[in-house]
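Content type mmCIF, N, CA and C atoms, from the file query_9.cif:
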```
data_data
#
loop_
_atom_site.label_atom_id
_atom_site.label_comp_id
_atom_site.auth_asym_id
_atom_site.auth_seq_id
_atom_site.Cartn_x
_atom_site.Cartn_y
_atom_site.Cartn_z
N MET W 379 -12.70 -15.73 5.26
CA MET W 379 -12.32 -14.41 4.79
C MET W 379 -10.82 -14.40 4.52
N PRO W 380 -10.40 -14.00 3.31
CA PRO W 380 -8.97 -14.00 3.00
C PRO W 380 -8.24 -12.92 3.79
N ARG W 381 -7.01 -13.22 4.09
CA ARG W 381 -6.18 -12.29 4.85
C ARG W 381 -5.75 -11.14 3.95
N GLU W 382 -5.81 -9.91 4.47
CA GLU W 382 -5.45 -8.74 3.69
C GLU W 382 -4.09 -8.22 4.12
N GLY W 383 -3.13 -8.26 3.24
CA GLY W 383 -1.84 -7.66 3.53
C GLY W 383 -1.04 -8.45 4.55
N PRO W 384 0.04 -7.86 5.05
CA PRO W 384 0.93 -8.57 5.96
C PRO W 384 0.43 -8.67 7.39
N GLY W 385 -0.61 -7.97 7.75
CA GLY W 385 -1.13 -8.05 9.11
C GLY W 385 -0.95 -6.75 9.87
N PHE W 386 -1.73 -6.63 10.92
CA PHE W 386 -1.78 -5.38 11.67
C PHE W 386 -0.47 -5.04 12.36
N LEU W 387 0.18 -6.03 12.99
CA LEU W 387 1.41 -5.74 13.72
C LEU W 387 2.55 -5.32 12.81
N ILE W 388 2.64 -5.93 11.65
CA ILE W 388 3.67 -5.53 10.68
C ILE W 388 3.39 -4.12 10.19
N ASP W 389 2.13 -3.80 9.91
CA ASP W 389 1.78 -2.45 9.49
C ASP W 389 2.13 -1.43 10.56
N LEU W 390 1.81 -1.74 11.81
CA LEU W 390 2.11 -0.83 12.91
C LEU W 390 3.62 -0.64 13.09
N PHE W 391 4.37 -1.73 13.03
CA PHE W 391 5.82 -1.66 13.13
C PHE W 391 6.40 -0.82 12.00
N PHE W 392 5.90 -1.02 10.79
CA PHE W 392 6.35 -0.28 9.62
C PHE W 392 6.12 1.22 9.80
N ILE W 393 4.94 1.61 10.29
CA ILE W 393 4.62 3.02 10.49
C ILE W 393 5.51 3.63 11.58
N TRP W 394 5.77 2.89 12.66
CA TRP W 394 6.62 3.40 13.73
C TRP W 394 8.05 3.61 13.24
N ILE W 395 8.58 2.67 12.49
CA ILE W 395 9.95 2.80 11.98
C ILE W 395 10.04 3.99 11.02
N MET W 396 9.03 4.14 10.16
CA MET W 396 9.02 5.25 9.22
C MET W 396 8.94 6.59 9.96
N THR W 397 8.10 6.68 10.98
CA THR W 397 7.96 7.91 11.74
C THR W 397 9.25 8.26 12.48
N ILE W 398 9.87 7.28 13.10
CA ILE W 398 11.14 7.52 13.82
C ILE W 398 12.22 7.98 12.85
N ALA W 399 12.29 7.35 11.67
CA ALA W 399 13.30 7.75 10.68
C ALA W 399 13.07 9.20 10.24
N CYS W 400 11.82 9.57 10.02
CA CYS W 400 11.51 10.95 9.62
C CYS W 400 11.90 11.94 10.70
N LEU W 401 11.57 11.63 11.95
CA LEU W 401 11.89 12.54 13.05
C LEU W 401 13.39 12.69 13.25
N VAL W 402 14.12 11.59 13.18
CA VAL W 402 15.57 11.64 13.38
C VAL W 402 16.25 12.46 12.29
N VAL W 403 15.89 12.21 11.04
CA VAL W 403 16.52 12.93 9.94
C VAL W 403 16.12 14.40 9.95
N ALA W 404 14.84 14.69 10.16
CA ALA W 404 14.39 16.09 10.17
C ALA W 404 15.02 16.86 11.32
N THR W 405 15.14 16.26 12.50
CA THR W 405 15.77 16.94 13.64
C THR W 405 17.26 17.16 13.39
N ALA W 406 17.92 16.18 12.82
CA ALA W 406 19.35 16.33 12.53
C ALA W 406 19.60 17.46 11.53
N LEU W 407 18.77 17.53 10.48
CA LEU W 407 18.94 18.60 9.50
C LEU W 407 18.62 19.96 10.11
N ASP W 408 17.61 20.02 10.94
CA ASP W 408 17.25 21.28 11.58
C ASP W 408 18.36 21.75 12.51
N ASN W 409 18.96 20.85 13.26
CA ASN W 409 20.06 21.22 14.16
C ASN W 409 21.32 21.59 13.39
N GLN W 410 21.55 20.95 12.28
CA GLN W 410 22.77 21.20 11.50
C GLN W 410 22.74 22.55 10.78
N PHE W 411 21.61 22.89 10.15
CA PHE W 411 21.56 24.08 9.30
C PHE W 411 20.89 25.28 9.95
N GLY W 412 20.26 25.12 11.07
CA GLY W 412 19.56 26.26 11.67
C GLY W 412 18.10 26.28 11.26
N ARG W 413 17.34 27.18 11.85
CA ARG W 413 15.89 27.12 11.77
C ARG W 413 15.29 27.32 10.38
N PRO W 414 15.50 28.39 9.65
CA PRO W 414 14.69 28.50 8.43
C PRO W 414 15.05 27.48 7.36
N ILE W 415 16.33 27.30 7.11
CA ILE W 415 16.73 26.37 6.05
C ILE W 415 16.64 24.93 6.53
N GLY W 416 17.06 24.68 7.75
CA GLY W 416 17.02 23.32 8.30
C GLY W 416 15.62 22.77 8.41
N LEU W 417 14.66 23.65 8.74
CA LEU W 417 13.26 23.20 8.84
C LEU W 417 12.73 22.77 7.47
N LEU W 418 13.00 23.56 6.46
CA LEU W 418 12.54 23.20 5.11
C LEU W 418 13.23 21.94 4.60
N LEU W 419 14.54 21.82 4.85
CA LEU W 419 15.25 20.60 4.46
C LEU W 419 14.73 19.39 5.23
N GLY W 420 14.43 19.57 6.51
CA GLY W 420 13.89 18.48 7.31
C GLY W 420 12.54 18.01 6.82
N VAL W 421 11.66 18.95 6.46
CA VAL W 421 10.34 18.59 5.93
C VAL W 421 10.49 17.86 4.60
N ALA W 422 11.35 18.38 3.73
CA ALA W 422 11.57 17.73 2.44
C ALA W 422 12.15 16.32 2.62
N ALA W 423 13.10 16.18 3.53
CA ALA W 423 13.69 14.86 3.78
C ALA W 423 12.66 13.90 4.36
N ALA W 424 11.80 14.39 5.26
CA ALA W 424 10.76 13.53 5.83
C ALA W 424 9.79 13.05 4.76
N LEU W 425 9.39 13.94 3.87
CA LEU W 425 8.48 13.53 2.78
C LEU W 425 9.17 12.52 1.85
N PHE W 426 10.45 12.71 1.59
CA PHE W 426 11.19 11.77 0.76
C PHE W 426 11.30 10.41 1.43
N ILE W 427 11.53 10.40 2.74
CA ILE W 427 11.61 9.14 3.49
C ILE W 427 10.27 8.41 3.45
N VAL W 428 9.18 9.15 3.63
CA VAL W 428 7.85 8.53 3.56
C VAL W 428 7.64 7.91 2.18
N PHE W 429 8.02 8.63 1.13
CA PHE W 429 7.88 8.09 -0.22
C PHE W 429 8.67 6.81 -0.39
N LEU W 430 9.92 6.80 0.08
CA LEU W 430 10.75 5.60 -0.05
C LEU W 430 10.20 4.42 0.76
N PHE W 431 9.72 4.69 1.97
CA PHE W 431 9.16 3.62 2.79
C PHE W 431 7.89 3.05 2.16
N LEU W 432 7.03 3.90 1.63
CA LEU W 432 5.81 3.39 1.00
C LEU W 432 6.13 2.62 -0.28
N LEU W 433 7.13 3.06 -1.02
CA LEU W 433 7.55 2.32 -2.20
C LEU W 433 8.08 0.94 -1.80
N ALA W 434 8.87 0.89 -0.74
CA ALA W 434 9.36 -0.40 -0.25
C ALA W 434 8.21 -1.28 0.24
N TYR W 435 7.23 -0.68 0.89
CA TYR W 435 6.06 -1.43 1.36
C TYR W 435 5.33 -2.06 0.18
N TYR W 436 5.13 -1.28 -0.88
CA TYR W 436 4.45 -1.82 -2.06
C TYR W 436 5.22 -3.00 -2.64
N ARG W 437 6.56 -2.85 -2.73
CA ARG W 437 7.37 -3.89 -3.35
C ARG W 437 7.50 -5.13 -2.49
N VAL W 438 7.74 -4.96 -1.20
CA VAL W 438 8.01 -6.10 -0.33
C VAL W 438 6.73 -6.82 0.05
N TYR W 439 5.72 -6.08 0.51
CA TYR W 439 4.54 -6.72 1.04
C TYR W 439 3.43 -6.95 0.02
N LEU W 440 3.38 -6.14 -1.00
CA LEU W 440 2.32 -6.32 -2.00
C LEU W 440 2.83 -6.99 -3.25
N GLY W 441 4.11 -7.30 -3.31
CA GLY W 441 4.66 -8.00 -4.45
C GLY W 441 4.63 -7.13 -5.69
N GLU W 442 4.34 -7.74 -6.80
CA GLU W 442 4.33 -7.04 -8.07
C GLU W 442 2.95 -6.46 -8.40
N ARG W 443 2.00 -6.62 -7.51
CA ARG W 443 0.67 -6.09 -7.78
C ARG W 443 0.70 -4.57 -7.76
N PRO W 444 0.01 -3.90 -8.69
CA PRO W 444 -0.05 -2.45 -8.62
C PRO W 444 -0.93 -2.02 -7.45
N LEU W 445 -0.92 -0.73 -7.16
CA LEU W 445 -1.68 -0.22 -6.03
C LEU W 445 -3.17 -0.53 -6.18
N LEU W 446 -3.70 -0.45 -7.39
CA LEU W 446 -5.13 -0.74 -7.57
C LEU W 446 -5.42 -2.23 -7.38
N GLY W 447 -4.40 -3.09 -7.46
CA GLY W 447 -4.61 -4.51 -7.21
C GLY W 447 -4.59 -4.85 -5.73
N ALA W 448 -4.17 -3.90 -4.90
CA ALA W 448 -4.14 -4.13 -3.46
C ALA W 448 -5.56 -4.08 -2.91
N THR W 449 -5.73 -4.59 -1.73
CA THR W 449 -7.06 -4.58 -1.13
C THR W 449 -7.48 -3.16 -0.80
N SER W 450 -8.77 -2.97 -0.70
CA SER W 450 -9.30 -1.63 -0.44
C SER W 450 -8.86 -1.10 0.90
N ARG W 451 -8.76 -1.97 1.89
CA ARG W 451 -8.35 -1.53 3.22
C ARG W 451 -6.94 -0.96 3.20
N ILE W 452 -6.04 -1.61 2.49
CA ILE W 452 -4.66 -1.14 2.41
C ILE W 452 -4.58 0.17 1.63
N ARG W 453 -5.30 0.24 0.51
CA ARG W 453 -5.29 1.49 -0.26
C ARG W 453 -5.84 2.64 0.56
N PHE W 454 -6.90 2.40 1.32
CA PHE W 454 -7.49 3.44 2.15
C PHE W 454 -6.50 3.90 3.22
N ALA W 455 -5.85 2.97 3.90
CA ALA W 455 -4.92 3.32 4.98
C ALA W 455 -3.71 4.09 4.45
N ILE W 456 -3.16 3.66 3.35
CA ILE W 456 -1.99 4.35 2.79
C ILE W 456 -2.35 5.74 2.32
N LEU W 457 -3.48 5.88 1.63
CA LEU W 457 -3.90 7.20 1.16
C LEU W 457 -4.23 8.13 2.32
N LEU W 458 -4.88 7.61 3.35
CA LEU W 458 -5.19 8.43 4.52
C LEU W 458 -3.91 8.91 5.19
N PHE W 459 -2.94 8.03 5.35
CA PHE W 459 -1.67 8.41 5.97
C PHE W 459 -0.98 9.49 5.15
N GLN W 460 -0.96 9.34 3.84
CA GLN W 460 -0.30 10.33 2.99
C GLN W 460 -1.01 11.68 3.06
N LEU W 461 -2.33 11.69 3.00
CA LEU W 461 -3.08 12.94 3.06
C LEU W 461 -2.91 13.64 4.40
N VAL W 462 -2.95 12.89 5.49
CA VAL W 462 -2.79 13.50 6.81
C VAL W 462 -1.37 14.03 6.98
N LEU W 463 -0.37 13.31 6.51
CA LEU W 463 1.00 13.78 6.61
C LEU W 463 1.19 15.08 5.83
N ILE W 464 0.72 15.12 4.61
CA ILE W 464 0.84 16.33 3.80
C ILE W 464 0.03 17.47 4.43
N GLY W 465 -1.16 17.17 4.93
CA GLY W 465 -1.98 18.19 5.59
C GLY W 465 -1.30 18.77 6.81
N PHE W 466 -0.68 17.93 7.63
CA PHE W 466 0.02 18.42 8.82
C PHE W 466 1.21 19.31 8.44
N VAL W 467 1.93 18.95 7.39
CA VAL W 467 3.07 19.77 6.97
C VAL W 467 2.59 21.14 6.49
N VAL W 468 1.55 21.16 5.68
CA VAL W 468 1.03 22.43 5.17
C VAL W 468 0.48 23.28 6.31
N VAL W 469 -0.26 22.67 7.21
CA VAL W 469 -0.84 23.41 8.33
C VAL W 469 0.25 23.93 9.26
N ALA W 470 1.29 23.15 9.49
CA ALA W 470 2.37 23.58 10.37
C ALA W 470 3.10 24.80 9.80
N LEU W 471 3.16 24.90 8.49
CA LEU W 471 3.84 26.03 7.88
C LEU W 471 3.01 27.31 7.91
N PHE W 472 1.67 27.19 7.88
CA PHE W 472 0.82 28.37 7.71
C PHE W 472 -0.08 28.71 8.90
N SER W 473 -0.11 27.91 9.93
CA SER W 473 -0.98 28.22 11.07
C SER W 473 -0.16 28.70 12.26
N PRO W 474 -0.79 29.44 13.17
CA PRO W 474 -0.06 29.91 14.35
C PRO W 474 0.28 28.74 15.29
N PRO W 475 1.32 28.88 16.10
CA PRO W 475 1.72 27.79 16.99
C PRO W 475 0.87 27.66 18.25
N ASP W 476 -0.29 28.21 18.24
CA ASP W 476 -1.21 28.16 19.36
C ASP W 476 -1.75 26.74 19.54
N PRO W 477 -1.67 26.14 20.75
CA PRO W 477 -2.12 24.75 20.95
C PRO W 477 -3.61 24.54 20.65
N PHE W 478 -4.44 25.50 20.98
CA PHE W 478 -5.87 25.37 20.71
C PHE W 478 -6.13 25.28 19.21
N THR W 479 -5.47 26.13 18.45
CA THR W 479 -5.62 26.11 16.99
C THR W 479 -5.09 24.80 16.43
N GLN W 480 -3.97 24.31 16.94
CA GLN W 480 -3.39 23.08 16.42
C GLN W 480 -4.31 21.87 16.63
N VAL W 481 -4.99 21.82 17.77
CA VAL W 481 -5.91 20.71 18.03
C VAL W 481 -7.09 20.76 17.07
N ILE W 482 -7.65 21.94 16.86
CA ILE W 482 -8.78 22.08 15.93
C ILE W 482 -8.35 21.72 14.52
N VAL W 483 -7.20 22.24 14.09
CA VAL W 483 -6.71 21.98 12.74
C VAL W 483 -6.40 20.50 12.55
N ALA W 484 -5.84 19.83 13.58
CA ALA W 484 -5.55 18.40 13.48
C ALA W 484 -6.84 17.61 13.25
N GLY W 485 -7.90 17.96 13.97
CA GLY W 485 -9.19 17.29 13.76
C GLY W 485 -9.73 17.50 12.36
N VAL W 486 -9.59 18.73 11.86
CA VAL W 486 -10.07 19.03 10.50
C VAL W 486 -9.26 18.26 9.46
N VAL W 487 -7.94 18.24 9.61
CA VAL W 487 -7.08 17.54 8.64
C VAL W 487 -7.38 16.04 8.64
N ILE W 488 -7.51 15.44 9.80
CA ILE W 488 -7.80 14.00 9.86
C ILE W 488 -9.19 13.70 9.29
N GLY W 489 -10.17 14.54 9.62
CA GLY W 489 -11.52 14.34 9.09
C GLY W 489 -11.58 14.48 7.58
N LEU W 490 -10.97 15.54 7.04
CA LEU W 490 -10.96 15.71 5.58
C LEU W 490 -10.16 14.61 4.89
N GLY W 491 -9.05 14.20 5.52
CA GLY W 491 -8.26 13.10 4.94
C GLY W 491 -9.05 11.81 4.88
N ALA W 492 -9.81 11.52 5.94
CA ALA W 492 -10.63 10.30 5.94
C ALA W 492 -11.73 10.36 4.89
N ILE W 493 -12.37 11.50 4.76
CA ILE W 493 -13.44 11.65 3.76
C ILE W 493 -12.88 11.52 2.35
N LEU W 494 -11.77 12.21 2.07
CA LEU W 494 -11.18 12.13 0.73
C LEU W 494 -10.66 10.73 0.43
N SER W 495 -10.04 10.08 1.40
CA SER W 495 -9.55 8.71 1.19
C SER W 495 -10.70 7.75 0.91
N TYR W 496 -11.76 7.86 1.69
CA TYR W 496 -12.92 6.99 1.49
C TYR W 496 -13.52 7.20 0.10
N TRP W 497 -13.66 8.45 -0.29
CA TRP W 497 -14.24 8.73 -1.61
C TRP W 497 -13.33 8.20 -2.71
N TRP W 498 -12.01 8.42 -2.59
CA TRP W 498 -11.09 8.00 -3.64
C TRP W 498 -11.05 6.47 -3.78
N VAL W 499 -11.11 5.76 -2.66
CA VAL W 499 -10.97 4.30 -2.71
C VAL W 499 -12.29 3.61 -3.00
N TYR W 500 -13.38 4.07 -2.40
CA TYR W 500 -14.62 3.30 -2.47
C TYR W 500 -15.72 3.90 -3.34
N GLN W 501 -15.77 5.20 -3.54
CA GLN W 501 -16.94 5.80 -4.15
C GLN W 501 -16.76 6.31 -5.57
N ARG W 502 -15.54 6.37 -6.07
CA ARG W 502 -15.36 6.89 -7.43
C ARG W 502 -15.93 5.91 -8.44
N ASP W 503 -16.51 6.43 -9.49
CA ASP W 503 -17.03 5.60 -10.58
C ASP W 503 -16.03 5.61 -11.73
N THR W 504 -14.98 4.84 -11.59
CA THR W 504 -13.99 4.72 -12.64
C THR W 504 -13.77 3.25 -12.94
N PRO W 505 -13.32 2.92 -14.13
CA PRO W 505 -13.07 1.51 -14.46
C PRO W 505 -12.02 0.87 -13.56
N GLU W 506 -11.02 1.65 -13.12
CA GLU W 506 -9.97 1.07 -12.28
C GLU W 506 -10.52 0.64 -10.93
N VAL W 507 -11.41 1.46 -10.34
CA VAL W 507 -12.00 1.11 -9.05
C VAL W 507 -12.91 -0.09 -9.20
N ALA W 508 -13.70 -0.13 -10.27
CA ALA W 508 -14.57 -1.28 -10.51
C ALA W 508 -13.75 -2.55 -10.70
N GLN W 509 -12.63 -2.44 -11.39
CA GLN W 509 -11.77 -3.62 -11.62
C GLN W 509 -11.14 -4.08 -10.31
N ALA W 510 -10.71 -3.15 -9.46
CA ALA W 510 -10.08 -3.51 -8.19
C ALA W 510 -11.08 -4.16 -7.25
N GLU W 511 -12.35 -3.75 -7.30
CA GLU W 511 -13.36 -4.32 -6.42
C GLU W 511 -13.83 -5.68 -6.92
N ALA W 512 -13.63 -5.98 -8.19
CA ALA W 512 -14.09 -7.25 -8.74
C ALA W 512 -13.20 -8.41 -8.36
#
```

Spit out the file's structure as structure tokens when you get a sec.
Amino acid sequence: MPREGPGFLIDLFFIWIMTIACLVVATALDNQFGRPIGLLLGVAAALFIVFLFLLAYYRVYLGERPLLGATSRIRFAILLFQLVLIGFVVVALFSPPDPFTQVIVAGVVIGLGAILSYWWVYQRDTPEVAQAEA
């Protein structure tokens, strides 16, 4: 079986570094500007950092291959991470800070993200998906 991507430990290290960078920058902006403006700037900066890290991941670890040329496992993981991150940001802005609600919403966001990622990567009937699976 051919090896897919750079390996599990590199992927895990990459996600931890990206998460720490997002938290540090978002917290610094929130502390610097105050709650309403700093929170929005922090969320925007975190999303920008995630975009830059994923772009670097594509370039460094996947070489010049486009995203559809990557293995299905990598495409699924990256899309799931992006959907869950965006879902958590949207839910954090519009849901109450009640812990019970947050746990339920987190389960819903992760479940919907997994279903949408699976459908997008494996079940769509498009020429690009057929070409990537071939």

Write out as a ChimeraX atom specification each polymer residue whose atoms come within 8 Å of Leu419 in chain W, counting only C-alpha atoms; drop sequence neighbours fewer than 3 positions from it.
/W:404,407-408,415-416,422-423

Neighbours of Leu425 in chain W within 9 Å (only C-alpha atoms; same-chain residues fewer than 6 positions away dropped), as a ChimeraX atom specification?
/W:400,463-464

Those same residues, written as a tab-separated table (two decimals), keeping the file's coordinate frame with N, CA and C atoms?
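New file again_3.tsv:
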```tsv
chain	number	residue	atom	x	y	z
W	400	CYS	N	11.82	9.57	10.02
W	400	CYS	CA	11.51	10.95	9.62
W	400	CYS	C	11.90	11.94	10.70
W	463	LEU	N	-0.37	13.31	6.51
W	463	LEU	CA	1.00	13.78	6.61
W	463	LEU	C	1.19	15.08	5.83
W	464	ILE	N	0.72	15.12	4.61
W	464	ILE	CA	0.84	16.33	3.80
W	464	ILE	C	0.03	17.47	4.43
```

Report as a PyMOL selection string the residues that result from applying the PyMOL selection byres ((chain W and resi 457-462) around 8) to the structure here.
chain W and resi 451-456+463-468+487-496

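The coordinates place CA of Val469 in chain W at 26.2 Å from atom C of Leu433 in chain W.
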
Can you work out the spacing between atom N of Pro474 in chain W and CA of Ala424 in chain W in Å, to one decimal?
21.0 Å

One decimal, in Å: what's the spacing between CA of Asp389 in chain W and atom C of Gly420 in chain W?
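Computing the Euclidean distance for CA of Asp389 in chain W and atom C of Gly420 in chain W yields 23.3 Å.
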